[in-house]
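Enquirer: protein.cif is reproduced in full below (mmCIF, C-alpha atoms).
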```cif
data_target
loop_
_atom_site.label_atom_id
_atom_site.label_comp_id
_atom_site.auth_asym_id
_atom_site.auth_seq_id
_atom_site.Cartn_x
_atom_site.Cartn_y
_atom_site.Cartn_z
CA MET A 1 0.00 0.00 0.00
CA GLN A 2 2.81 2.44 0.88
CA LYS A 3 4.62 1.69 -2.39
CA ASN A 4 1.45 2.40 -4.36
CA ALA A 5 1.08 5.74 -2.58
CA GLU A 6 4.66 6.64 -3.37
CA ARG A 7 4.13 5.69 -7.03
CA ARG A 8 1.08 7.95 -7.23
CA ILE A 9 3.16 10.88 -5.93
CA VAL A 10 5.91 10.27 -8.49
CA ASP A 11 3.40 9.82 -11.33
CA SER A 12 1.45 12.91 -10.36
CA SER A 13 0.84 15.42 -13.14
CA GLY A 14 1.69 18.29 -10.76
CA PRO A 15 4.84 20.44 -10.97
CA GLN A 16 8.08 18.51 -11.21
CA LEU A 17 10.69 19.77 -8.76
CA SER A 18 14.40 19.45 -9.43
CA PRO A 19 16.44 17.60 -6.83
CA ILE A 20 18.46 19.75 -4.46
CA GLU A 21 22.16 19.65 -5.32
CA ARG A 22 25.09 20.53 -3.15
CA GLU A 23 27.01 23.73 -3.76
CA THR A 24 29.51 23.24 -6.57
CA VAL A 25 33.20 24.12 -6.54
CA GLN A 26 32.42 26.81 -9.12
CA ASP A 27 29.89 28.37 -6.74
CA ARG A 28 32.42 28.44 -3.93
CA VAL A 29 35.14 29.91 -6.16
CA TYR A 30 32.72 32.56 -7.43
CA ALA A 31 31.60 33.42 -3.89
CA GLU A 32 35.21 33.79 -2.69
CA LEU A 33 36.26 35.99 -5.63
CA ARG A 34 33.11 38.06 -5.19
CA ARG A 35 33.83 38.50 -1.48
CA ALA A 36 37.39 39.56 -2.24
CA LEU A 37 36.22 42.16 -4.76
CA ILE A 38 33.51 43.54 -2.47
CA CYS A 39 35.99 43.90 0.40
CA GLY A 40 38.52 45.56 -1.88
CA LEU A 41 41.15 42.83 -1.53
CA PHE A 42 42.20 43.33 -5.17
CA GLU A 43 43.71 46.59 -6.32
CA PRO A 44 42.58 48.67 -9.32
CA ALA A 45 44.24 47.58 -12.59
CA GLN A 46 45.51 44.38 -10.95
CA VAL A 47 45.79 41.58 -13.51
CA LEU A 48 44.45 38.23 -12.36
CA THR A 49 45.38 35.00 -14.14
CA ILE A 50 43.28 31.88 -14.10
CA ARG A 51 46.25 29.74 -13.08
CA GLY A 52 47.32 32.14 -10.34
CA LEU A 53 43.83 32.25 -8.82
CA ALA A 54 43.45 28.47 -9.11
CA ASP A 55 46.74 27.93 -7.29
CA ALA A 56 45.81 30.44 -4.58
CA MET A 57 42.48 28.71 -3.95
CA MET A 58 43.92 25.20 -4.42
CA THR A 59 41.48 24.21 -7.14
CA SER A 60 41.50 23.45 -10.87
CA THR A 61 41.34 26.10 -13.55
CA MET A 62 37.86 25.22 -14.82
CA PRO A 63 35.79 26.58 -11.89
CA VAL A 64 37.97 29.69 -11.82
CA ARG A 65 37.42 30.29 -15.54
CA GLU A 66 33.66 29.90 -15.16
CA ALA A 67 33.52 32.14 -12.07
CA LEU A 68 35.50 34.86 -13.84
CA GLY A 69 33.08 34.66 -16.75
CA ARG A 70 30.24 35.49 -14.37
CA LEU A 71 32.21 38.37 -12.85
CA ILE A 72 32.99 39.77 -16.31
CA THR A 73 29.26 39.77 -17.05
CA GLU A 74 28.68 41.69 -13.80
CA LYS A 75 31.36 44.23 -14.86
CA ALA A 76 33.38 43.45 -11.75
CA VAL A 77 36.45 42.54 -13.86
CA GLU A 78 37.49 43.05 -17.48
CA ALA A 79 38.61 40.40 -19.97
CA MET A 80 42.23 40.76 -21.13
CA PRO A 81 44.39 38.94 -23.68
CA ASN A 82 46.16 35.71 -22.74
CA ARG A 83 43.19 34.39 -20.72
CA SER A 84 43.68 36.89 -17.91
CA VAL A 85 41.32 39.46 -16.42
CA ARG A 86 41.93 42.89 -14.98
CA VAL A 87 40.34 44.73 -12.11
CA PRO A 88 38.89 47.92 -13.69
CA LEU A 89 40.97 51.06 -13.69
CA VAL A 90 40.13 53.95 -11.40
CA THR A 91 39.08 56.91 -13.52
CA LEU A 92 37.37 60.14 -12.53
CA GLU A 93 34.30 59.21 -14.55
CA ARG A 94 33.99 55.77 -12.95
CA LEU A 95 34.72 57.16 -9.49
CA ASP A 96 32.00 59.81 -9.73
CA ASP A 97 29.48 57.37 -11.20
CA LEU A 98 30.01 54.79 -8.47
CA LEU A 99 29.92 57.37 -5.69
CA ARG A 100 26.71 58.92 -7.00
CA SER A 101 25.04 55.51 -7.29
CA ARG A 102 26.13 54.41 -3.84
CA ILE A 103 24.85 57.58 -2.24
CA LEU A 104 21.43 57.14 -3.83
CA VAL A 105 20.96 53.45 -3.07
CA GLU A 106 22.73 53.12 0.27
CA GLY A 107 21.27 56.40 1.49
CA GLU A 108 17.79 55.00 1.00
CA ALA A 109 18.73 51.73 2.68
CA ILE A 110 20.03 53.37 5.86
CA ALA A 111 17.01 55.72 6.01
CA LEU A 112 14.70 52.69 5.90
CA ALA A 113 16.81 50.85 8.48
CA THR A 114 16.62 53.78 10.90
CA THR A 115 12.94 53.16 11.64
CA ARG A 116 13.18 49.37 11.53
CA MET A 117 16.24 48.47 13.60
CA THR A 118 15.58 46.85 16.95
CA GLN A 119 17.57 47.78 20.04
CA ARG A 120 19.46 44.52 19.59
CA ASP A 121 20.39 45.52 16.02
CA ILE A 122 21.66 48.89 17.24
CA THR A 123 23.64 47.23 20.02
CA GLN A 124 25.28 44.96 17.45
CA ALA A 125 26.24 47.98 15.35
CA ARG A 126 27.73 49.68 18.40
CA ASP A 127 29.64 46.51 19.30
CA MET A 128 31.18 46.65 15.83
CA LEU A 129 32.53 50.09 16.68
CA THR A 130 34.27 48.49 19.66
CA ASP A 131 35.72 45.84 17.35
CA TRP A 132 36.93 48.67 15.11
CA ASP A 133 38.61 50.47 18.02
CA ASP A 134 40.30 47.24 19.11
CA PHE A 135 41.52 46.68 15.56
CA ARG A 136 42.91 50.20 15.26
CA ALA A 137 44.66 49.88 18.63
CA LEU A 138 46.28 46.51 17.95
CA SER A 139 46.83 46.35 14.19
CA GLN A 140 49.72 47.51 12.10
CA ARG A 141 49.12 50.67 10.08
CA GLY A 142 48.02 49.79 6.55
CA ASP A 143 46.15 46.55 7.32
CA PHE A 144 43.58 47.46 4.67
CA ASP A 145 42.31 43.90 4.17
CA ARG A 146 41.07 43.62 7.74
CA GLU A 147 39.88 47.22 7.73
CA SER A 148 37.86 46.66 4.55
CA MET A 149 36.20 43.56 5.93
CA LEU A 150 35.21 45.33 9.17
CA ASN A 151 33.83 48.25 7.18
CA GLN A 152 31.79 45.95 4.92
CA LYS A 153 30.43 44.03 7.91
CA PHE A 154 29.34 47.24 9.64
CA HIS A 155 27.52 48.69 6.64
CA PHE A 156 25.71 45.52 5.62
CA GLN A 157 24.59 44.81 9.19
CA ILE A 158 22.67 48.08 8.93
CA TYR A 159 21.46 47.65 5.35
CA ARG A 160 19.99 44.22 6.09
CA CYS A 161 17.68 45.95 8.56
CA SER A 162 16.15 48.07 5.78
CA GLY A 163 13.50 45.43 5.12
CA SER A 164 14.12 45.68 1.36
CA SER A 165 14.90 42.54 -0.61
CA VAL A 166 15.46 44.70 -3.71
CA LEU A 167 18.01 47.18 -2.36
CA ILE A 168 20.42 44.62 -0.87
CA PRO A 169 21.37 42.95 -4.21
CA MET A 170 21.76 46.41 -5.75
CA ILE A 171 24.12 47.45 -2.95
CA GLU A 172 26.09 44.21 -3.27
CA SER A 173 26.49 44.87 -7.01
CA LEU A 174 27.71 48.41 -6.34
CA TRP A 175 30.20 47.18 -3.73
CA LEU A 176 31.33 44.49 -6.15
CA GLN A 177 32.16 47.15 -8.73
CA SER A 178 33.47 49.77 -6.31
CA GLY A 179 35.48 47.56 -3.94
CA PRO A 180 38.82 48.16 -5.68
CA CYS A 181 38.06 51.91 -5.89
CA THR A 182 37.26 51.88 -2.19
CA ARG A 183 40.58 50.22 -1.45
CA TYR A 184 42.49 52.76 -3.51
CA ALA A 185 40.50 55.51 -1.80
CA ALA A 186 41.47 54.06 1.58
CA TYR A 187 45.15 54.41 0.67
CA ALA A 188 44.63 58.04 -0.35
CA PHE A 189 42.57 58.74 2.76
CA SER A 190 45.13 57.07 5.03
CA GLU A 191 47.85 59.29 3.60
CA ALA A 192 45.75 62.38 4.31
CA VAL A 193 44.94 61.19 7.84
CA ALA A 194 48.62 60.64 8.54
CA ARG A 195 49.38 64.18 7.38
CA ASP A 196 46.60 65.53 9.61
CA GLY A 197 48.11 63.88 12.67
CA GLY A 198 45.69 60.94 12.85
CA ALA A 199 41.95 61.52 12.68
CA ASP A 200 39.23 59.26 13.98
CA VAL A 201 38.47 57.36 10.77
CA ALA A 202 35.42 55.80 12.43
CA HIS A 203 33.89 59.20 13.18
CA TYR A 204 31.06 58.88 10.68
CA HIS A 205 30.35 55.31 11.75
CA ARG A 206 29.74 56.70 15.23
CA GLU A 207 27.53 59.40 13.75
CA MET A 208 25.50 56.74 11.94
CA VAL A 209 24.97 54.72 15.11
CA ALA A 210 23.95 57.85 17.03
CA ALA A 211 21.42 58.67 14.30
CA LEU A 212 20.07 55.13 14.40
CA GLU A 213 19.67 55.35 18.17
CA SER A 214 17.74 58.62 17.86
CA ARG A 215 15.64 57.25 14.95
CA ASN A 216 16.68 60.14 12.74
CA PRO A 217 16.78 58.99 9.07
CA ASP A 218 17.95 62.34 7.70
CA ARG A 219 20.90 62.46 10.09
CA ALA A 220 21.72 58.81 9.33
CA ARG A 221 21.69 59.49 5.58
CA GLU A 222 23.91 62.56 6.01
CA ALA A 223 26.44 60.62 8.09
CA LEU A 224 26.49 57.81 5.53
CA ILE A 225 27.03 60.22 2.64
CA ALA A 226 29.89 61.86 4.50
CA ASP A 227 31.39 58.45 5.33
CA ILE A 228 31.32 57.31 1.71
CA SER A 229 32.26 60.64 0.15
CA ARG A 230 35.25 61.70 2.23
CA PRO A 231 37.79 59.05 1.11
CA PHE A 232 36.50 59.29 -2.46
CA ALA A 233 37.09 63.03 -2.35
CA PHE A 234 40.71 62.48 -1.31
CA LEU A 235 41.10 59.96 -4.12
CA ARG A 236 39.56 62.34 -6.64
CA ASP A 237 42.00 65.07 -5.62
CA LYS A 238 44.85 62.58 -5.90
CA LEU A 239 43.83 61.57 -9.42
CA LEU A 240 43.54 65.20 -10.47
CA ALA A 241 46.94 66.05 -9.03
CA GLU A 242 48.67 63.03 -10.56
CA PRO A 243 47.53 62.40 -14.17
CA GLN A 244 47.59 58.69 -14.91
CA SER A 245 48.39 56.76 -18.04
CA GLU A 246 45.75 54.55 -19.64
CA ASP A 247 47.25 51.41 -18.11
CA GLN A 248 47.66 52.61 -14.53
CA PRO A 249 45.16 53.62 -11.80
#
```
For this file, produce the structure as structure tokens.

Expert:
Amino acid sequence: MQKNAERRIVDSSGPQLSPIERETVQDRVYAELRRALICGLFEPAQVLTIRGLADAMMTSTMPVREALGRLITEKAVEAMPNRSVRVPLVTLERLDDLLRSRILVEGEAIALATTRMTQRDITQARDMLTDWDDFRALSQRGDFDRESMLNQKFHFQIYRCSGSSVLIPMIESLWLQSGPCTRYAAYAFSEAVARDGGADVAHYHREMVAALESRNPDRAREALIADISRPFAFLRDKLLAEPQSEDQP
């Protein structure tokens, strides 16, 4: 009787569902390269070879080639001769376009999050500021990889509270494209901070948390815009002061 019932389920004319498959190596390679780009772990104009990436991730070349194809489609990297890819160059036009887009999309996300975050969410954001202070106190100057990851974690913890399933993928796409620019901007900003005698680089993060605590979306948006814009402004000035060739950031 049980076998007959099972046969009726299989023979049913209803929708046929595909079996669930485990995550493939290609998916994991793509996810890791995407994470690295979002966090700014690759530099602008850096050339990436399939073999070099495969060796670094201890995998074969096939999943790397397929993952890079997806990232080329998403405009996160550019196809180059000899089966290599390049992280896009930093140009004034690209810099301004990315900054403008991030301000529009991320500004809306933090404004929405301001009225939706629970006290626990706000506490988590404030705890991240403590993690940032600990990092700045203990780390070597110029540890941009760790700094980028902490920055990404802080921002997305807030954005996920926006309640929007549409904005988050848009923000991820913008970070995917702007990650290398953000890294280059961090270098320029760090140079300026050093000249200024060491500013509190987490100042605007603190302003954002204070705005979230007071449920003030306008103040939160303003702090976010200032946080995003300031290092980009230093980078823009740097690019204007030091004209670059077509092959260099």

Enquirer: Would you write out, as a list in words, every residue that the PyMOL selection byres ((chain A and resi 222-229) around 6) captures in this file?

Expert: Ile103, Tyr204, Glu207, Met208, Arg219, Ala220, Arg221, Arg230, Pro231, Phe232 and Ala233 of chain A

Enquirer: Ranking A:Leu129, A:Pro44, A:Ile122, A:Ala202 by minimum distance to Arg86 in chain A and counting only C-alpha atoms, which one comes first?

Expert: A:Pro44

Enquirer: So which residues get picked by the PyMOL selection byres ((chain A and resi 48) around 9) here, written as a count of residues only?

Expert: 11

Enquirer: Here is a test: counting all atoms listed in the file, which residue of A:Ala79, A:Val166, A:Ile110, A:Cys39 is nearest to Arg183 in chain A?

Expert: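 Of A:Ala79, A:Val166, A:Ile110, A:Cys39, the one nearest Arg183 in chain A is A:Cys39, counting all atoms listed in the file.
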
Enquirer: So the first atom is CA of Phe42 in chain A and the second is CA of Ser164 in chain A; what is the distance between them in Å, to one decimal place?

Expert: 28.9 Å

Enquirer: Mind pulling up the distance from CA of Ala109 in chain A to CA of Ile168 in chain A?

Expert: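 The value is 8.1 Å.
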
Enquirer: I'd like to know which of A:Leu150, A:Leu71, A:Met117, A:Leu37 is closest to His205 in chain A, using only C-alpha atoms.

Expert: A:Leu150

Enquirer: Using all atoms listed in the file, collect all residues at a distance of at most 10 Å from (36.3, 34.4, -4.4) as written in the file, then present them as a VMD selection string.

Expert: chain A and resid 26 to 38 53 57 64 67 to 68

Enquirer: Kindly indicate which residue among A:Lys238, A:Arg160, A:Arg215, A:Arg102 lies nearest to Gln119 in chain A, using all atoms listed in the file for the distances.

Expert: A:Arg215

Enquirer: Quote the spacing between CA of Thr73 in chain A and CA of Tyr159 in chain A in Å to one decimal place.

Expert: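 Atom-to-atom, CA of Thr73 in chain A to CA of Tyr159 in chain A, that is 25.0 Å.
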
Enquirer: Start from the incomplete input, build N, CA and C atoms for range 161-175 of chain A, and deliver everything as a CSV table (one decimal), keeping the file's coordinate frame.

Expert:
```csv
chain,number,residue,atom,x,y,z
A,161,CYS,N,18.8,45.6,7.7
A,161,CYS,CA,17.7,46.0,8.6
A,161,CYS,C,16.7,46.9,7.8
A,162,SER,N,17.0,47.2,6.5
A,162,SER,CA,16.2,48.1,5.8
A,162,SER,C,14.8,47.5,5.4
A,163,GLY,N,14.7,46.1,5.5
A,163,GLY,CA,13.5,45.4,5.1
A,163,GLY,C,13.3,45.3,3.6
A,164,SER,N,14.3,45.7,2.8
A,164,SER,CA,14.1,45.7,1.4
A,164,SER,C,14.9,44.5,0.8
A,165,SER,N,14.2,43.6,0.1
A,165,SER,CA,14.9,42.5,-0.6
A,165,SER,C,15.4,43.0,-2.0
A,166,VAL,N,15.0,44.2,-2.4
A,166,VAL,CA,15.5,44.7,-3.7
A,166,VAL,C,16.8,45.5,-3.6
A,167,LEU,N,16.9,46.3,-2.5
A,167,LEU,CA,18.0,47.2,-2.4
A,167,LEU,C,19.3,46.4,-2.1
A,168,ILE,N,19.2,45.3,-1.3
A,168,ILE,CA,20.4,44.6,-0.9
A,168,ILE,C,21.2,44.1,-2.1
A,169,PRO,N,20.6,43.4,-3.0
A,169,PRO,CA,21.4,43.0,-4.2
A,169,PRO,C,22.0,44.1,-5.0
A,170,MET,N,21.2,45.2,-5.1
A,170,MET,CA,21.8,46.4,-5.8
A,170,MET,C,23.0,46.9,-5.0
A,171,ILE,N,23.0,47.0,-3.7
A,171,ILE,CA,24.1,47.4,-3.0
A,171,ILE,C,25.3,46.5,-3.1
A,172,GLU,N,25.0,45.2,-3.1
A,172,GLU,CA,26.1,44.2,-3.3
A,172,GLU,C,26.7,44.4,-4.6
A,173,SER,N,25.9,44.6,-5.7
A,173,SER,CA,26.5,44.9,-7.0
A,173,SER,C,27.4,46.1,-7.1
A,174,LEU,N,26.9,47.2,-6.4
A,174,LEU,CA,27.7,48.4,-6.3
A,174,LEU,C,29.0,48.2,-5.6
A,175,TRP,N,29.0,47.5,-4.5
A,175,TRP,CA,30.2,47.2,-3.7
A,175,TRP,C,31.1,46.3,-4.5
```
